[in-house]
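A.B. asks: Structure supplied as data.cif; contents: mmCIF, C-alpha atoms.
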data_final
#
loop_
_atom_site.label_atom_id
_atom_site.label_comp_id
_atom_site.auth_asym_id
_atom_site.auth_seq_id
_atom_site.Cartn_x
_atom_site.Cartn_y
_atom_site.Cartn_z
CA ALA U 138 130.98 -15.32 125.25
CA ALA U 139 129.47 -17.17 122.28
CA ALA U 140 127.95 -20.61 122.85
CA PRO U 141 130.01 -23.60 121.64
CA GLY U 142 129.45 -24.11 117.95
CA ALA U 143 127.72 -20.79 117.48
CA ALA U 144 129.00 -18.44 114.84
CA PRO U 145 130.80 -15.48 116.43
CA SER U 146 129.19 -12.09 116.04
CA ALA U 147 130.52 -10.26 112.99
CA ALA U 148 129.47 -6.84 114.21
CA PRO U 149 132.81 -5.88 115.77
CA ARG U 150 134.70 -6.91 112.64
CA VAL U 151 132.32 -5.00 110.37
CA ARG U 152 132.76 -1.83 112.43
CA ARG U 153 136.53 -2.26 112.44
CA ARG U 154 136.74 -2.71 108.68
CA SER U 155 134.45 0.26 108.14
CA LYS U 156 136.65 2.41 110.37
CA ASP U 157 139.82 1.23 108.63
CA ARG U 158 138.28 1.88 105.25
CA THR U 159 137.27 5.41 106.29
CA ILE U 160 140.78 6.17 107.50
CA SER U 161 142.51 4.73 104.44
CA ASN U 162 140.21 6.59 102.06
CA ALA U 163 140.42 9.96 103.84
CA ILE U 164 142.19 12.72 101.99
CA THR U 165 145.50 13.45 103.68
CA ILE U 166 147.13 16.86 103.96
CA ASN U 167 150.77 17.67 104.69
CA LEU U 168 151.15 20.81 106.81
CA LYS U 169 154.86 20.43 107.55
CA HIS U 170 155.65 23.51 105.42
CA SER U 171 152.88 25.60 106.94
CA LYS U 172 153.32 27.78 110.02
CA ASN U 173 151.18 30.91 110.12
CA ALA U 174 148.23 29.33 108.33
CA ALA U 175 148.54 25.85 109.83
CA GLU U 176 145.89 26.32 112.52
CA ILE U 177 143.12 27.56 110.24
CA VAL U 178 144.01 25.12 107.44
CA ARG U 179 144.00 22.25 109.93
CA SER U 180 140.59 23.32 111.20
CA VAL U 181 139.06 23.58 107.72
CA ALA U 182 140.64 20.31 106.59
CA GLY U 183 139.21 18.57 109.64
CA ALA U 184 135.75 19.96 108.87
CA PHE U 185 136.00 18.32 105.44
CA GLY U 186 137.03 15.02 106.98
CA TRP U 187 140.62 15.29 105.81
CA ARG U 188 143.42 13.88 107.94
CA GLU U 189 146.81 15.43 108.66
CA THR U 190 149.82 13.24 107.85
CA VAL U 191 151.64 11.73 110.85
CA SER U 192 154.61 9.86 109.37
CA LEU U 193 157.36 10.37 106.81
CA ALA U 194 155.71 7.92 104.43
CA GLU U 195 152.40 9.78 104.71
CA ASP U 196 154.19 13.12 104.30
CA CYS U 197 155.55 12.03 100.93
CA ASN U 198 152.30 10.46 99.74
CA ALA U 199 149.86 13.09 100.97
CA ASN U 200 147.03 14.17 98.72
CA VAL U 201 147.44 17.85 99.52
CA PHE U 202 150.62 19.83 100.29
CA TRP U 203 150.17 23.25 101.93
CA TYR U 204 153.10 25.64 101.50
CA GLU U 205 153.76 29.14 102.77
CA ARG U 206 156.71 29.71 100.48
CA ALA U 207 157.27 29.89 96.75
CA ILE U 208 157.43 26.55 94.98
CA THR U 209 159.30 25.64 91.81
CA VAL U 210 158.19 23.98 88.60
CA GLY U 211 160.47 21.07 89.51
CA GLU U 212 158.58 20.47 92.75
CA VAL U 213 155.28 20.38 90.90
CA ARG U 214 156.65 17.94 88.34
CA HIS U 215 157.40 15.48 91.14
CA LEU U 216 153.75 15.36 92.18
CA ASN U 217 151.72 12.28 91.32
CA GLU U 218 148.27 12.36 89.75
CA HIS U 219 146.54 12.09 93.12
CA GLN U 220 148.49 14.99 94.66
CA ARG U 221 147.72 18.71 94.73
CA VAL U 222 149.56 21.74 96.06
CA ASN U 223 148.15 25.10 97.20
CA MET U 224 150.63 27.17 95.17
CA ILE U 225 151.13 27.81 91.46
CA PRO U 226 154.81 28.20 90.49
CA GLY U 227 155.61 31.87 90.05
CA MET U 228 152.87 33.11 92.38
CA HIS U 229 155.51 34.81 94.53
CA GLU U 230 156.12 37.13 91.57
CA MET U 231 152.66 38.56 92.23
CA ALA U 232 153.10 38.64 96.00
CA ARG U 233 156.03 41.09 95.92
CA LYS U 234 155.32 44.65 94.91
CA ALA U 235 158.36 45.15 92.64
CA SER U 236 157.89 42.04 90.51
CA LEU U 237 154.14 42.68 90.22
CA ALA U 238 154.83 46.28 89.15
CA ARG U 239 157.29 45.11 86.49
CA ALA U 240 154.74 42.65 85.12
CA LEU U 241 152.02 45.31 85.01
CA ASN U 242 154.33 47.79 83.30
CA ARG U 243 155.22 45.23 80.63
CA LEU U 244 151.55 44.52 80.02
CA ARG U 245 150.79 48.24 79.86
CA THR U 246 153.41 48.58 77.13
CA LEU U 247 151.68 45.84 75.13
CA TYR U 248 148.08 46.75 75.96
CA PRO U 249 148.01 50.43 76.99
CA ASP U 250 144.23 50.80 77.03
CA GLU U 251 143.48 47.64 79.02
CA PHE U 252 146.18 48.36 81.62
CA ALA U 253 145.53 52.04 82.24
CA PHE U 254 143.71 51.29 85.50
CA TYR U 255 146.67 51.80 87.87
CA PRO U 256 148.84 54.88 88.55
CA ARG U 257 152.18 55.38 86.84
CA THR U 258 154.71 53.16 88.61
CA TRP U 259 158.48 52.87 88.87
CA THR U 260 160.53 50.07 90.43
CA LEU U 261 163.69 51.24 92.17
CA PRO U 262 166.64 51.04 91.92
CA ALA U 263 166.23 49.77 88.32
CA GLN U 264 164.12 52.76 87.25
CA LEU U 265 165.61 55.34 89.57
CA GLY U 266 167.05 57.29 86.63
CA GLU U 267 163.69 57.30 84.87
CA PHE U 268 161.92 58.49 88.00
CA ARG U 269 164.41 61.29 88.51
CA GLN U 270 164.04 62.39 84.90
CA HIS U 271 160.27 62.32 85.24
CA CYS U 272 160.49 64.64 88.24
CA VAL U 273 162.81 67.00 86.33
CA ASP U 274 160.41 67.08 83.38
CA ARG U 275 157.43 67.75 85.62
CA ALA U 276 159.24 70.59 87.35
CA ALA U 277 160.19 72.08 83.99
CA ALA U 278 156.52 71.93 83.00
CA GLY U 279 155.61 73.97 86.07
CA ALA U 280 154.02 71.15 88.11
CA THR U 281 154.18 71.93 91.82
CA ASP U 282 151.61 69.64 93.43
CA ASP U 283 152.84 66.20 92.37
CA VAL U 284 152.91 63.62 95.16
CA TYR U 285 154.22 60.05 95.07
CA ILE U 286 153.95 57.08 97.40
CA ALA U 287 156.92 54.78 98.06
CA LYS U 288 156.51 51.21 99.29
CA PRO U 289 159.22 48.67 100.18
CA SER U 290 158.88 45.75 97.78
CA GLY U 291 158.77 43.09 100.47
CA GLY U 292 157.06 45.14 103.15
CA CYS U 293 153.77 44.47 104.89
CA GLN U 294 151.40 46.06 107.41
CA GLY U 295 152.31 49.53 106.18
CA ALA U 296 155.93 49.34 107.35
CA GLY U 297 158.22 51.69 105.43
CA ILE U 298 155.52 53.36 103.32
CA TYR U 299 155.75 57.12 102.96
CA LEU U 300 154.68 60.00 100.72
CA LEU U 301 157.17 62.24 98.93
CA ARG U 302 157.24 65.24 96.63
CA GLY U 303 159.93 64.03 94.26
CA ALA U 304 163.07 61.97 93.73
CA HIS U 305 165.13 64.31 95.91
CA GLU U 306 163.28 63.02 98.98
CA LEU U 307 164.50 59.46 98.36
CA LYS U 308 167.93 60.30 99.73
CA ALA U 309 166.94 59.44 103.30
CA HIS U 310 166.10 55.91 102.14
CA GLU U 311 169.24 54.93 100.23
CA ARG U 312 169.47 51.64 102.14
CA LEU U 313 166.42 50.43 100.25
CA LEU U 314 167.98 51.31 96.89
CA GLN U 315 171.21 49.31 97.11
CA HIS U 316 172.17 47.04 94.22
CA ASP U 317 174.18 44.65 96.41
CA GLY U 318 171.19 42.85 97.85
CA GLY U 319 171.35 44.71 101.14
CA GLY U 320 168.15 46.53 100.25
CA GLN U 321 164.83 45.18 99.10
CA GLY U 322 163.99 47.90 96.59
CA LEU U 323 161.09 50.29 96.37
CA VAL U 324 157.99 50.70 94.30
CA VAL U 325 157.12 54.35 93.67
CA GLN U 326 153.72 55.33 92.32
CA GLN U 327 151.92 58.52 91.44
CA TYR U 328 149.72 59.16 94.48
CA VAL U 329 145.98 59.27 93.81
CA GLN U 330 145.04 62.60 95.35
CA GLU U 331 141.28 62.35 94.77
CA PRO U 332 140.36 58.90 96.12
CA LEU U 333 136.91 57.55 96.85
CA LEU U 334 135.96 58.39 100.43
CA LEU U 335 133.49 57.11 103.00
CA GLU U 336 130.73 59.35 104.33
CA ASP U 337 133.04 60.40 107.16
CA ASP U 338 135.62 61.55 104.57
CA CYS U 339 138.06 58.74 105.42
CA LYS U 340 139.92 56.60 102.93
CA PHE U 341 139.27 52.89 102.61
CA ASP U 342 140.34 49.94 100.53
CA MET U 343 138.67 46.68 99.61
CA ARG U 344 140.14 43.26 98.92
CA LEU U 345 138.47 40.48 96.97
CA TYR U 346 139.83 36.94 97.15
CA VAL U 347 140.11 34.73 94.09
CA LEU U 348 141.08 31.06 94.01
CA VAL U 349 142.92 30.20 90.80
CA VAL U 350 142.80 26.45 90.19
CA SER U 351 144.12 26.42 86.63
CA LEU U 352 146.00 28.77 84.34
CA SER U 353 145.46 26.89 81.08
CA PRO U 354 142.55 26.85 80.70
CA LEU U 355 142.04 29.74 83.11
CA CYS U 356 139.67 28.77 85.91
CA ALA U 357 139.13 30.94 88.98
CA TYR U 358 136.56 31.25 91.76
CA LEU U 359 135.63 34.51 93.47
CA TYR U 360 135.13 34.12 97.22
CA ARG U 361 131.82 35.58 98.40
CA ASP U 362 133.40 37.42 101.34
CA GLY U 363 135.99 40.18 101.19
CA LEU U 364 137.94 42.48 103.48
CA ALA U 365 137.84 46.24 103.95
CA ARG U 366 140.32 48.47 105.75
CA PHE U 367 139.85 52.05 106.85
CA ALA U 368 141.89 55.14 107.55
CA THR U 369 141.05 56.81 110.87
CA ALA U 370 141.71 60.47 110.06
CA LYS U 371 139.64 62.53 107.65
CA TYR U 372 141.29 62.83 104.28
CA ALA U 373 142.65 66.06 102.86
CA ALA U 374 144.77 66.60 99.78
CA PRO U 375 148.42 66.06 100.74
CA ASP U 376 150.40 69.12 101.73
CA GLU U 377 153.30 69.87 104.04
CA SER U 378 151.08 69.71 107.12
CA ASN U 379 149.74 66.19 106.53
CA LEU U 380 152.17 64.55 104.10
CA HIS U 381 153.42 62.19 106.80
CA ASN U 382 150.08 61.52 108.51
CA GLN U 383 149.80 57.75 108.12
CA PHE U 384 146.35 57.66 109.72
CA MET U 385 145.06 59.86 106.90
CA HIS U 386 146.80 58.43 103.85
CA LEU U 387 147.19 54.73 104.70
CA THR U 388 144.45 52.22 105.42
CA ASN U 389 146.53 49.50 107.07
CA TYR U 390 144.73 48.26 110.18
CA SER U 391 148.06 47.49 111.85
CA LEU U 392 148.79 51.24 111.77
CA ASN U 393 145.36 52.78 112.30
CA LYS U 394 144.55 50.82 115.43
CA HIS U 395 147.19 52.93 117.18
CA ASN U 396 145.49 56.26 116.41
CA THR U 397 144.84 57.82 119.82
CA ASP U 398 143.20 60.99 118.48
CA ALA U 399 139.84 61.30 120.22
CA SER U 400 138.24 62.72 117.07
CA SER U 401 139.31 59.79 114.92
CA THR U 402 137.26 56.72 114.04
CA ALA U 403 139.82 54.42 115.67
CA ALA U 404 137.76 54.13 118.85
CA SER U 405 135.03 52.22 117.00
CA LEU U 406 137.47 50.28 114.81
CA THR U 407 137.63 46.84 116.36
CA ALA U 408 138.48 44.86 113.24
CA SER U 409 139.36 45.34 109.61
CA ARG U 410 136.86 42.83 108.23
#
Represent the structure of the file as structure tokens.
C.D. replies:
Amino acid sequence: AAAPGAAPSAAPRVRRRSKDRTISNAITINLKHSKNAAEIVRSVAGAFGWRETVSLAEDCNANVFWYERAITVGEVRHLNEHQRVNMIPGMHEMARKASLARALNRLRTLYPDEFAFYPRTWTLPAQLGEFRQHCVDRAAAGATDDVYIAKPSGGCQGAGIYLLRGAHELKAHERLLQHDGGGQGLVVQQYVQEPLLLEDDCKFDMRLYVLVVSLSPLCAYLYRDGLARFATAKYAAPDESNLHNQFMHLTNYSLNKHNTDASSTAASLTASR
């Protein structure tokens, strides 16, 4: 206790004000709309000294909102100057295969030379007639080795992907081609039959991650790390004997980790990164 007449120590009050000031000035992040990514985002935010919101008032006034769904232009317009969101309106158009394919096809029409880097692509059911006519024309021209790859527009982890010889083999997948909303649609592409291979003759793919912080002016940052995925069966040009061998033609880790073939590379495949 302080002696009578002595000035009380200010140290406790200084520490308290400093602590309060640190808390009030910390960047706050709202993770209420985040599920799958919440754990890692929470960990990274904490490492930066950010604080997760804990009340309704803080939820509304957070500095950062982290979503795992598409956001609208209207939602962005309601943000204040001190608030940021992890999504750009319309980004979901790039996240689904069909809408991305439509955008690329439109750009290829406008800039054919600049957008010749990807295989010919059709979105079904909208371009089902065009794809069928293409197959008819190719058959009339004597082509016998054409192969295509079909991917559900909203699929992931390799689910529903398959190789086919032509439009006639789509009949077993009519559920995906419905116009009534019961199906999610397909993206069909010319299959690249001479891909780059690893030294063990297996297919692979690489992903680079880019953070887009502004569209106008365009500003993006390339992350220094990436991700690679590997097939676990040696590649051979598709024919009737291997057309449905997912371990050969697809690189999805979620599929290849189940390859039990002793001669495959799956035994040493412990991760896709």
A.B. asks: Applying 9 Å and all atoms listed in the file, which residues near Ile166 of chain U remain after dropping the ones on its own chain fewer than 3 positions away? List them as a PyMOL selection string.
C.D. replies: chain U and resi 179+182+187-190+195-196+199-203
A.B. asks: Contacts of segment 330-344 of chain U at 7 Å or less, counting all atoms listed in the file, minus same-chain residues fewer than 3 places along, as a PyMOL selection string?
C.D. replies: chain U and resi 363-372+374+388
A.B. asks: Please compute the atom CA of Ser192 of chain U-atom CA of Leu168 of chain U distance, one decimal, in Å.
C.D. replies: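 Computing it gives 11.8 Å between the two atoms.
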A.B. asks: Starting from the displayed file, determine the output of the PyMOL selection byres ((chain U and resi 255-271) around 8) and express the residue list as a list in words.
C.D. replies: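 In the shown coordinates, the PyMOL selection byres ((chain U and resi 255-271) around 8) covers Ala235, Ala238, Arg239, Asn242, Phe252, Ala253, Phe254, Cys272, Val273, Asp274, Arg275, Gly303, Ala304, Leu314, Gln315, His316, Gly322, Leu323, Val324, Val325, Gln326, Gln327, Tyr328 and Val329 of chain U.
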A.B. asks: If you measure from atom CA of Ala276 of chain U to atom CA of Lys234 of chain U, what distance in Å do you get, rounded to one decimal?
C.D. replies: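 Distance reported for this atom pair: 27.3 Å.
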A.B. asks: What does the structure give for the distance between atom CA of Val349 of chain U and atom CA of Ala207 of chain U, in Å to one decimal?
C.D. replies: 15.5 Å
